[in-house]
Amino acid sequence: MRDYSNHATNRVPERDVRITDIETCVVKGNFEWNLVRVHTDAGVTGIGESYRGGGVTAVVEYMKRFLVGENPLDVERLFRRMVQETSGHSGTTGKVVTAATGIEIALWDIAGKVLDVPVYQLLGGKYRDEVRIYCDCHAGEAFATDAGYHSPASEDAYSVEAYAEEAARVADMGFSALKFDLDQPFDNHPDPYNGRVSNAAVQRKVDTVEAIRDEIGYEIDLAFDIHWDYSMDSAKRMCRKLEPFDLMWLEDPVPPENMEAQREITRASRVPIATGENRFRVHEFKHLLYDFGVDVITPDPSTCGGLAESKAIANRAEENYIVFSPHNVCGPIGTMACVHLGACVPNFDVLEYHALEVDWWDDLHDREDPLIEDGYIEVPEAPGLGIELNEEVAREHLHDPGTMFA
């Protein structure tokens, strides 16, 4: 383990704060929400959230070994240390970065509370008082099972009418931007492996998009996600067919590993292309941004390295006039962290909300009113993130009962 004793640690008394403990728990919503709480000797605690997936809490527990005793106000230095010290687990990407992200968000929460300012102020100040939200929607029987969103293979489960009805319902809630999944399990019939889509499946997607547009019109922004499922030729065909519908973007049309293929799709398509949720830290976004492999960049701040790392990505996107619209499948804690980020990023556009089916989502926080009002979240002025976890509700929905911040 490296010796950090030669680093400056002098603080005036009110800022001489030390980490005393770090706790985790996993809340089972529509995804697994990894929550992190950091304690200090000043009696101030911070709350953070990491992206879904197993193994993250174990990495957080490992990081606690060398974070206890550190000053939580050194947020970016501690993030760098977390990645360096834990790189033996899986390199400087993946779960290491995701775990460090949850802690990083909690450290910003602490810093804001200790310094008595909202997190957005620590990140450089705000451009906007409220953040626009797009609602990730699902429709039809395909999304009504416990097995997941893509379980039924029957085309009847994905009726065009169901999509249009759901779009109208969500638009009536006040959202000015919607997104649907447009990939379906029968797309690749008869061969489920080669990524090619039949003419009938392509036409069904066109019919679905057209039905939604007929229902909600063109004043509402509309995007679709196709989850990396398709070959180059099929992705290009879909882009051409969807040109008339003035989409906000088409997300992840080809697998993410091949930068040249991603750039080819973006350059060939007249529909804006979005991607970025499965990349880590600013380094993995370099070619995507500077080689213009994307029109809209969608990193996940609860995955890619936290708020400072996401702001660095947004800064590089701004250099190339690329819009920043974060991916977000978090509970209220991670979502509010993203709100502070959206407030301070000039090229921010919309933030994802992906928990419409979780009817207790707003019960999970301490604020009296729902976070989302008419498709926007107001940027809080309270110190830190401006939101706290309702532990009683969280305890009712733990992934593993009895593990509440233990």
# chains A, B, ... in the order shown; residues from 1 in each chain; ligands from 1

$ closest_atom_pairs --of "region 90-136 of chain A" --to "region 13-17 of chain A" --cutoff "12 Å" --atoms "only C-alpha atoms" --output "CSV"
residue,atom,partner,partner_atom,distance
A:Leu107,CA,A:Val17,CA,11.5
A:Ile110,CA,A:Val17,CA,9.9
A:Ala111,CA,A:Arg15,CA,9.3
A:Gly112,CA,A:Arg15,CA,11.6
A:Lys113,CA,A:Arg15,CA,11.1
A:Val114,CA,A:Arg15,CA,7.3
A:Leu115,CA,A:Arg15,CA,8.1
A:Asp116,CA,A:Arg15,CA,11.5

$ select_by_dssp --residues "region 62-273 of chain A" --states "helix (DSSP H, G or I)" --output "tab-separated table (two decimals) with C-alpha atoms, in the first residue's frame"
chain	number	residue	atom	x	y	z
A	62	TYR	CA	-12.39	-3.14	0.88
A	63	MET	CA	-11.94	0.58	0.23
A	64	LYS	CA	-12.95	1.37	3.79
A	65	ARG	CA	-9.63	-0.10	4.96
A	66	PHE	CA	-7.66	2.87	3.68
A	67	LEU	CA	-10.32	5.60	3.68
A	75	VAL	CA	-12.93	14.34	-2.77
A	76	GLU	CA	-10.98	14.10	-6.01
A	77	ARG	CA	-7.75	12.97	-4.36
A	78	LEU	CA	-9.63	10.22	-2.51
A	79	PHE	CA	-11.34	9.09	-5.70
A	80	ARG	CA	-7.94	8.74	-7.35
A	81	ARG	CA	-6.65	6.82	-4.36
A	82	MET	CA	-9.65	4.47	-4.39
A	83	VAL	CA	-9.01	3.54	-8.00
A	84	GLN	CA	-5.25	3.16	-7.53
A	85	GLU	CA	-5.41	1.13	-4.33
A	86	THR	CA	-8.14	-1.20	-5.58
A	87	SER	CA	-7.01	-1.70	-9.17
A	88	GLY	CA	-5.94	-5.26	-8.40
A	89	HIS	CA	-9.61	-6.28	-8.12
A	90	SER	CA	-10.50	-5.61	-11.76
A	94	GLY	CA	-15.69	-1.88	-13.89
A	95	LYS	CA	-16.77	-2.48	-10.30
A	96	VAL	CA	-13.75	-0.65	-8.88
A	97	VAL	CA	-14.83	2.61	-10.48
A	98	THR	CA	-18.51	1.97	-9.77
A	99	ALA	CA	-17.83	1.37	-6.08
A	100	ALA	CA	-15.61	4.44	-5.88
A	101	THR	CA	-18.41	6.40	-7.53
A	102	GLY	CA	-20.89	5.74	-4.72
A	103	ILE	CA	-18.32	6.86	-2.14
A	104	GLU	CA	-17.39	9.91	-4.23
A	105	ILE	CA	-21.00	11.08	-4.30
A	106	ALA	CA	-21.26	10.63	-0.53
A	107	LEU	CA	-18.05	12.67	-0.08
A	108	TRP	CA	-19.52	15.54	-2.08
A	109	ASP	CA	-22.57	15.36	0.18
A	110	ILE	CA	-20.34	15.63	3.24
A	111	ALA	CA	-18.30	18.47	1.74
A	112	GLY	CA	-21.41	20.46	1.01
A	113	LYS	CA	-22.73	19.95	4.54
A	114	VAL	CA	-19.41	20.84	6.20
A	115	LEU	CA	-18.96	23.95	4.02
A	119	VAL	CA	-23.04	20.32	-4.14
A	120	TYR	CA	-23.56	22.17	-7.42
A	121	GLN	CA	-21.72	25.15	-5.89
A	122	LEU	CA	-18.69	22.95	-5.20
A	141	GLU	CA	-47.43	-7.30	-21.51
A	142	ALA	CA	-43.73	-7.64	-22.22
A	143	PHE	CA	-42.96	-5.35	-19.32
A	155	GLU	CA	-45.15	-10.29	-30.98
A	156	ASP	CA	-48.62	-9.85	-29.49
A	157	ALA	CA	-47.02	-8.82	-26.21
A	158	TYR	CA	-45.54	-5.74	-27.91
A	160	VAL	CA	-48.20	-0.90	-31.27
A	161	GLU	CA	-51.30	0.40	-29.50
A	162	ALA	CA	-49.79	-0.27	-26.07
A	163	TYR	CA	-46.78	1.90	-26.88
A	164	ALA	CA	-48.95	4.76	-28.08
A	165	GLU	CA	-51.23	4.55	-25.04
A	166	GLU	CA	-48.30	4.56	-22.63
A	167	ALA	CA	-46.71	7.52	-24.41
A	168	ALA	CA	-49.92	9.50	-24.04
A	169	ARG	CA	-50.25	8.54	-20.37
A	170	VAL	CA	-46.71	9.62	-19.50
A	171	ALA	CA	-46.90	12.81	-21.55
A	199	ASN	CA	-37.91	-6.50	-42.90
A	200	ALA	CA	-41.03	-7.34	-40.91
A	201	ALA	CA	-39.32	-6.49	-37.60
A	202	VAL	CA	-37.99	-3.21	-38.98
A	203	GLN	CA	-41.44	-2.31	-40.25
A	204	ARG	CA	-42.93	-3.11	-36.86
A	205	LYS	CA	-40.53	-0.64	-35.27
A	206	VAL	CA	-41.47	2.00	-37.83
A	207	ASP	CA	-45.15	1.38	-37.11
A	208	THR	CA	-44.51	1.68	-33.37
A	209	VAL	CA	-42.66	4.99	-33.70
A	210	GLU	CA	-45.28	6.34	-36.06
A	211	ALA	CA	-48.09	5.38	-33.67
A	212	ILE	CA	-46.37	7.16	-30.79
A	213	ARG	CA	-45.79	10.28	-32.87
A	214	ASP	CA	-49.42	10.27	-34.01
A	215	GLU	CA	-50.46	10.09	-30.36
A	216	ILE	CA	-48.16	12.71	-28.79
A	232	MET	CA	-24.00	-2.65	-38.92
A	233	ASP	CA	-26.33	-3.15	-41.88
A	234	SER	CA	-29.44	-3.55	-39.72
A	235	ALA	CA	-28.55	-0.51	-37.63
A	236	LYS	CA	-28.15	1.58	-40.77
A	237	ARG	CA	-31.47	0.34	-42.14
A	238	MET	CA	-33.27	1.26	-38.94
A	239	CYS	CA	-31.69	4.71	-38.90
A	240	ARG	CA	-32.84	5.36	-42.46
A	241	LYS	CA	-36.38	4.15	-41.75
A	242	LEU	CA	-36.69	6.31	-38.61
A	243	GLU	CA	-35.49	9.56	-40.21
A	244	PRO	CA	-38.99	11.01	-40.81
A	245	PHE	CA	-39.93	10.99	-37.11
A	259	MET	CA	-15.07	2.53	-31.85
A	260	GLU	CA	-14.75	2.54	-35.64
A	261	ALA	CA	-18.14	0.85	-36.04
A	262	GLN	CA	-19.72	3.33	-33.64
A	263	ARG	CA	-18.30	6.25	-35.60
A	264	GLU	CA	-19.44	4.74	-38.90
A	265	ILE	CA	-23.03	4.45	-37.67
A	266	THR	CA	-23.02	8.00	-36.33
A	267	ARG	CA	-21.68	9.43	-39.56
A	268	ALA	CA	-24.05	7.40	-41.72

$ residues_around --residues "Ser325 (chain A)" --least-positions-apart "4" --cutoff "12 Å" --atoms "only C-alpha atoms" --output "PyMOL selection string"
chain A and resi 131-134+177+223+248-249+251+273-277+295-301+310-311+313-314+317-318+338-339+341-343+345-353

$ closest_residue --among "A:Val254, A:Ile220, A:Leu73, A:Val329" --to "Leu356 (chain A)" --atoms "only C-alpha atoms"
A:Val329

$ closest_residue --among "A:Glu130, A:Thr93, A:Arg11, A:Cys304" --to "Pro72 (chain A)" --atoms "only C-alpha atoms"
A:Arg11

$ atom_distance --atom1 "CA of Glu32 (chain A)" --atom2 "CA of His399 (chain A)"
7.3 Å

$ residues_around --residues "Asp362 (chain A)" --least-positions-apart "2" --cutoff "10 Å" --atoms "only C-alpha atoms" --output "list of chain:residue names"
A:Gly331, A:Pro332, A:Ala355, A:Val358, A:Asp359, A:Trp360, A:Leu364, A:His365, A:Asp366, A:Arg367, A:Glu368, A:Asp369, A:Pro370, A:Leu371, A:Ile372, A:Asn390, A:Val393

$ write_last_selection --atoms "all heavy atoms" --output "short mmCIF file (atom, residue, chain, number, x, y, z; two decimals), in the first residue's frame"
data_model
loop_
_atom_site.label_atom_id
_atom_site.label_comp_id
_atom_site.auth_asym_id
_atom_site.auth_seq_id
_atom_site.Cartn_x
_atom_site.Cartn_y
_atom_site.Cartn_z
N GLY A 331 -32.13 5.23 -7.74
CA GLY A 331 -33.16 5.69 -6.85
C GLY A 331 -33.04 7.20 -6.67
O GLY A 331 -32.25 7.87 -7.37
N PRO A 332 -33.76 7.78 -5.72
CA PRO A 332 -33.74 9.23 -5.54
C PRO A 332 -32.37 9.81 -5.17
O PRO A 332 -32.07 10.94 -5.55
CB PRO A 332 -34.75 9.45 -4.40
CG PRO A 332 -35.64 8.27 -4.44
CD PRO A 332 -34.78 7.13 -4.87
N ALA A 355 -37.83 4.85 -13.25
CA ALA A 355 -38.46 4.12 -12.15
C ALA A 355 -39.96 4.42 -12.06
O ALA A 355 -40.53 4.40 -10.98
CB ALA A 355 -37.78 4.48 -10.84
N VAL A 358 -42.03 2.00 -10.10
CA VAL A 358 -41.77 1.83 -8.67
C VAL A 358 -42.62 2.84 -7.91
O VAL A 358 -42.24 4.02 -7.77
CB VAL A 358 -40.27 2.03 -8.36
CG1 VAL A 358 -40.00 1.81 -6.86
CG2 VAL A 358 -39.42 1.08 -9.19
N ASP A 359 -43.75 2.42 -7.40
CA ASP A 359 -44.70 3.37 -6.82
C ASP A 359 -44.26 3.89 -5.46
O ASP A 359 -44.88 4.81 -4.91
CB ASP A 359 -46.11 2.77 -6.74
CG ASP A 359 -46.18 1.47 -5.93
OD1 ASP A 359 -45.18 1.13 -5.26
OD2 ASP A 359 -47.23 0.81 -5.97
N TRP A 360 -43.18 3.34 -4.89
CA TRP A 360 -42.67 3.85 -3.62
C TRP A 360 -41.35 4.62 -3.80
O TRP A 360 -40.68 4.96 -2.82
CB TRP A 360 -42.45 2.69 -2.64
CG TRP A 360 -41.75 1.49 -3.22
CD1 TRP A 360 -42.33 0.43 -3.84
CD2 TRP A 360 -40.33 1.26 -3.27
NE1 TRP A 360 -41.37 -0.47 -4.27
CE2 TRP A 360 -40.13 0.01 -3.92
CE3 TRP A 360 -39.22 1.95 -2.81
CZ2 TRP A 360 -38.86 -0.52 -4.13
CZ3 TRP A 360 -37.96 1.43 -3.01
CH2 TRP A 360 -37.78 0.20 -3.67
N LEU A 364 -38.85 6.94 -0.72
CA LEU A 364 -37.50 6.54 -0.32
C LEU A 364 -36.65 7.74 0.12
O LEU A 364 -35.52 7.58 0.55
CB LEU A 364 -36.82 5.80 -1.48
CG LEU A 364 -35.64 4.90 -1.18
CD1 LEU A 364 -35.96 3.86 -0.13
CD2 LEU A 364 -35.18 4.21 -2.48
N HIS A 365 -37.19 8.95 -0.02
CA HIS A 365 -36.43 10.13 0.39
C HIS A 365 -37.23 10.94 1.41
O HIS A 365 -38.40 10.65 1.69
CB HIS A 365 -36.07 10.99 -0.83
CG HIS A 365 -37.25 11.51 -1.59
ND1 HIS A 365 -37.98 12.62 -1.19
CD2 HIS A 365 -37.83 11.07 -2.73
CE1 HIS A 365 -38.94 12.85 -2.05
NE2 HIS A 365 -38.89 11.92 -2.99
N ASP A 366 -36.60 11.97 1.98
CA ASP A 366 -37.18 12.70 3.10
C ASP A 366 -37.92 13.97 2.70
O ASP A 366 -38.45 14.67 3.55
CB ASP A 366 -36.07 13.07 4.09
CG ASP A 366 -35.07 14.09 3.52
OD1 ASP A 366 -34.93 14.14 2.27
OD2 ASP A 366 -34.44 14.82 4.29
N ARG A 367 -37.96 14.28 1.42
CA ARG A 367 -38.61 15.53 1.00
C ARG A 367 -40.13 15.35 0.97
O ARG A 367 -40.64 14.28 0.65
CB ARG A 367 -38.07 15.95 -0.37
CG ARG A 367 -36.59 16.32 -0.31
CD ARG A 367 -35.95 16.31 -1.68
NE ARG A 367 -36.47 17.34 -2.53
CZ ARG A 367 -35.91 18.55 -2.71
NH1 ARG A 367 -34.81 18.85 -2.05
NH2 ARG A 367 -36.44 19.43 -3.53
N GLU A 368 -40.84 16.41 1.29
CA GLU A 368 -42.30 16.31 1.42
C GLU A 368 -42.98 16.10 0.07
O GLU A 368 -43.96 15.36 -0.04
CB GLU A 368 -42.85 17.57 2.08
CG GLU A 368 -42.46 17.72 3.54
CD GLU A 368 -43.11 18.93 4.19
OE1 GLU A 368 -43.91 19.61 3.50
OE2 GLU A 368 -42.81 19.20 5.37
N ASP A 369 -42.48 16.76 -0.96
CA ASP A 369 -43.12 16.70 -2.28
C ASP A 369 -42.38 15.73 -3.19
O ASP A 369 -41.20 15.42 -2.97
CB ASP A 369 -43.14 18.09 -2.91
CG ASP A 369 -43.93 19.08 -2.08
OD1 ASP A 369 -44.99 18.68 -1.56
OD2 ASP A 369 -43.49 20.24 -1.95
N PRO A 370 -43.04 15.24 -4.24
CA PRO A 370 -42.34 14.41 -5.22
C PRO A 370 -41.16 15.16 -5.83
O PRO A 370 -41.21 16.38 -6.01
CB PRO A 370 -43.43 14.14 -6.27
CG PRO A 370 -44.72 14.32 -5.56
CD PRO A 370 -44.48 15.40 -4.54
N LEU A 371 -40.10 14.43 -6.13
CA LEU A 371 -38.92 15.08 -6.72
C LEU A 371 -39.25 15.66 -8.10
O LEU A 371 -38.80 16.75 -8.44
CB LEU A 371 -37.77 14.08 -6.85
CG LEU A 371 -37.05 13.63 -5.59
CD1 LEU A 371 -35.78 12.88 -5.96
CD2 LEU A 371 -36.73 14.79 -4.68
N ILE A 372 -40.00 14.91 -8.89
CA ILE A 372 -40.27 15.32 -10.26
C ILE A 372 -41.63 16.01 -10.32
O ILE A 372 -42.65 15.45 -9.94
CB ILE A 372 -40.25 14.12 -11.22
CG1 ILE A 372 -38.91 13.39 -11.13
CG2 ILE A 372 -40.51 14.57 -12.66
CD1 ILE A 372 -38.86 12.08 -11.91
N ASN A 390 -34.90 7.82 3.40
CA ASN A 390 -35.87 7.35 4.38
C ASN A 390 -35.52 5.89 4.69
O ASN A 390 -35.86 4.98 3.93
CB ASN A 390 -37.29 7.47 3.82
CG ASN A 390 -38.36 7.08 4.83
OD1 ASN A 390 -38.15 6.21 5.68
ND2 ASN A 390 -39.52 7.70 4.73
N VAL A 393 -38.34 3.10 4.89
CA VAL A 393 -38.81 2.58 3.60
C VAL A 393 -37.74 1.72 2.95
O VAL A 393 -38.02 0.66 2.39
CB VAL A 393 -39.23 3.74 2.68
CG1 VAL A 393 -39.61 3.21 1.29
CG2 VAL A 393 -40.39 4.51 3.28
#

$ atom_distance --atom1 "CA of Phe285 (chain A)" --atom2 "CA of His354 (chain A)"
23.5 Å

$ decode --residues "region 313-326 of chain A" --atoms "all heavy atoms" --output "mmCIF file, in the first residue's frame"
data_model
loop_
_atom_site.group_PDB
_atom_site.id
_atom_site.type_symbol
_atom_site.label_atom_id
_atom_site.label_comp_id
_atom_site.auth_asym_id
_atom_site.auth_seq_id
_atom_site.Cartn_x
_atom_site.Cartn_y
_atom_site.Cartn_z
ATOM 1 N N ILE A 313 -16.014 14.633 -18.372
ATOM 2 C CA ILE A 313 -16.532 14.115 -19.638
ATOM 3 C C ILE A 313 -17.373 15.179 -20.330
ATOM 4 O O ILE A 313 -17.248 15.412 -21.542
ATOM 5 C CB ILE A 313 -17.354 12.844 -19.404
ATOM 6 C CG1 ILE A 313 -16.466 11.718 -18.865
ATOM 7 C CG2 ILE A 313 -18.056 12.388 -20.687
ATOM 8 C CD1 ILE A 313 -17.232 10.568 -18.239
ATOM 9 N N ALA A 314 -18.245 15.838 -19.560
ATOM 10 C CA ALA A 314 -19.096 16.886 -20.129
ATOM 11 C C ALA A 314 -18.261 18.033 -20.688
ATOM 12 O O ALA A 314 -18.594 18.597 -21.741
ATOM 13 C CB ALA A 314 -20.061 17.402 -19.061
ATOM 14 N N ASN A 315 -17.171 18.384 -20.007
ATOM 15 C CA ASN A 315 -16.299 19.453 -20.504
ATOM 16 C C ASN A 315 -15.694 19.099 -21.857
ATOM 17 O O ASN A 315 -15.619 19.945 -22.762
ATOM 18 C CB ASN A 315 -15.180 19.725 -19.495
ATOM 19 C CG ASN A 315 -15.680 20.389 -18.231
ATOM 20 O OD1 ASN A 315 -16.779 20.952 -18.205
ATOM 21 N ND2 ASN A 315 -14.888 20.315 -17.174
ATOM 22 N N ARG A 316 -15.258 17.858 -22.010
ATOM 23 C CA ARG A 316 -14.680 17.437 -23.288
ATOM 24 C C ARG A 316 -15.744 17.363 -24.370
ATOM 25 O O ARG A 316 -15.478 17.650 -25.541
ATOM 26 C CB ARG A 316 -13.960 16.106 -23.104
ATOM 27 C CG ARG A 316 -12.629 16.260 -22.370
ATOM 28 C CD ARG A 316 -12.189 14.996 -21.653
ATOM 29 N NE ARG A 316 -10.888 15.174 -21.005
ATOM 30 C CZ ARG A 316 -10.706 15.829 -19.856
ATOM 31 N NH1 ARG A 316 -11.728 16.379 -19.233
ATOM 32 N NH2 ARG A 316 -9.494 15.946 -19.334
ATOM 33 N N ALA A 317 -16.953 16.972 -23.978
ATOM 34 C CA ALA A 317 -18.049 16.982 -24.941
ATOM 35 C C ALA A 317 -18.346 18.403 -25.392
ATOM 36 O O ALA A 317 -18.595 18.658 -26.593
ATOM 37 C CB ALA A 317 -19.295 16.348 -24.325
ATOM 38 N N GLU A 318 -18.304 19.343 -24.465
ATOM 39 C CA GLU A 318 -18.593 20.724 -24.819
ATOM 40 C C GLU A 318 -17.570 21.274 -25.801
ATOM 41 O O GLU A 318 -17.905 22.084 -26.685
ATOM 42 C CB GLU A 318 -18.622 21.592 -23.554
ATOM 43 C CG GLU A 318 -19.106 23.008 -23.842
ATOM 44 C CD GLU A 318 -18.881 23.954 -22.676
ATOM 45 O OE1 GLU A 318 -18.130 23.592 -21.747
ATOM 46 O OE2 GLU A 318 -19.448 25.059 -22.716
ATOM 47 N N GLU A 319 -16.320 20.858 -25.679
ATOM 48 C CA GLU A 319 -15.299 21.292 -26.636
ATOM 49 C C GLU A 319 -15.694 20.962 -28.072
ATOM 50 O O GLU A 319 -15.299 21.655 -29.014
ATOM 51 C CB GLU A 319 -13.967 20.602 -26.323
ATOM 52 C CG GLU A 319 -13.296 21.068 -25.043
ATOM 53 C CD GLU A 319 -11.999 20.322 -24.819
ATOM 54 O OE1 GLU A 319 -11.453 19.736 -25.788
ATOM 55 O OE2 GLU A 319 -11.524 20.314 -23.674
ATOM 56 N N ASN A 320 -16.472 19.878 -28.216
ATOM 57 C CA ASN A 320 -16.870 19.425 -29.544
ATOM 58 C C ASN A 320 -18.359 19.666 -29.817
ATOM 59 O O ASN A 320 -18.916 19.087 -30.748
ATOM 60 C CB ASN A 320 -16.544 17.933 -29.690
ATOM 61 C CG ASN A 320 -15.055 17.682 -29.650
ATOM 62 O OD1 ASN A 320 -14.322 18.043 -30.549
ATOM 63 N ND2 ASN A 320 -14.585 17.069 -28.557
ATOM 64 N N TYR A 321 -18.986 20.502 -28.973
ATOM 65 C CA TYR A 321 -20.389 20.893 -29.153
ATOM 66 C C TYR A 321 -21.316 19.674 -29.139
ATOM 67 O O TYR A 321 -22.294 19.610 -29.883
ATOM 68 C CB TYR A 321 -20.562 21.714 -30.437
ATOM 69 C CG TYR A 321 -19.496 22.757 -30.581
ATOM 70 C CD1 TYR A 321 -18.504 22.654 -31.545
ATOM 71 C CD2 TYR A 321 -19.443 23.836 -29.698
ATOM 72 C CE1 TYR A 321 -17.498 23.607 -31.646
ATOM 73 C CE2 TYR A 321 -18.432 24.788 -29.792
ATOM 74 C CZ TYR A 321 -17.470 24.672 -30.763
ATOM 75 O OH TYR A 321 -16.473 25.612 -30.852
ATOM 76 N N ILE A 322 -21.001 18.727 -28.269
ATOM 77 C CA ILE A 322 -21.800 17.509 -28.105
ATOM 78 C C ILE A 322 -22.634 17.639 -26.839
ATOM 79 O O ILE A 322 -22.124 18.017 -25.780
ATOM 80 C CB ILE A 322 -20.889 16.269 -28.047
ATOM 81 C CG1 ILE A 322 -20.196 16.057 -29.405
ATOM 82 C CG2 ILE A 322 -21.672 15.021 -27.648
ATOM 83 C CD1 ILE A 322 -19.124 14.979 -29.393
ATOM 84 N N VAL A 323 -23.898 17.312 -26.944
ATOM 85 C CA VAL A 323 -24.829 17.435 -25.828
ATOM 86 C C VAL A 323 -24.593 16.324 -24.805
ATOM 87 O O VAL A 323 -24.270 15.186 -25.151
ATOM 88 C CB VAL A 323 -26.283 17.398 -26.354
ATOM 89 C CG1 VAL A 323 -27.279 17.271 -25.207
ATOM 90 C CG2 VAL A 323 -26.579 18.652 -27.161
ATOM 91 N N PHE A 324 -24.792 16.654 -23.537
ATOM 92 C CA PHE A 324 -24.557 15.764 -22.401
ATOM 93 C C PHE A 324 -25.906 15.430 -21.766
ATOM 94 O O PHE A 324 -26.588 16.306 -21.226
ATOM 95 C CB PHE A 324 -23.641 16.491 -21.404
ATOM 96 C CG PHE A 324 -23.339 15.748 -20.138
ATOM 97 C CD1 PHE A 324 -22.364 14.761 -20.105
ATOM 98 C CD2 PHE A 324 -23.991 16.072 -18.948
ATOM 99 C CE1 PHE A 324 -22.053 14.107 -18.915
ATOM 100 C CE2 PHE A 324 -23.685 15.428 -17.760
ATOM 101 C CZ PHE A 324 -22.715 14.444 -17.746
ATOM 102 N N SER A 325 -26.336 14.158 -21.857
ATOM 103 C CA SER A 325 -27.622 13.714 -21.309
ATOM 104 C C SER A 325 -27.404 12.420 -20.530
ATOM 105 O O SER A 325 -27.443 11.326 -21.105
ATOM 106 C CB SER A 325 -28.648 13.495 -22.429
ATOM 107 O OG SER A 325 -29.013 14.721 -23.018
ATOM 108 N N PRO A 326 -27.168 12.492 -19.228
ATOM 109 C CA PRO A 326 -26.734 11.322 -18.466
ATOM 110 C C PRO A 326 -27.756 10.188 -18.419
ATOM 111 O O PRO A 326 -28.962 10.414 -18.287
ATOM 112 C CB PRO A 326 -26.503 11.884 -17.057
ATOM 113 C CG PRO A 326 -26.317 13.347 -17.246
ATOM 114 C CD PRO A 326 -27.168 13.711 -18.405
#
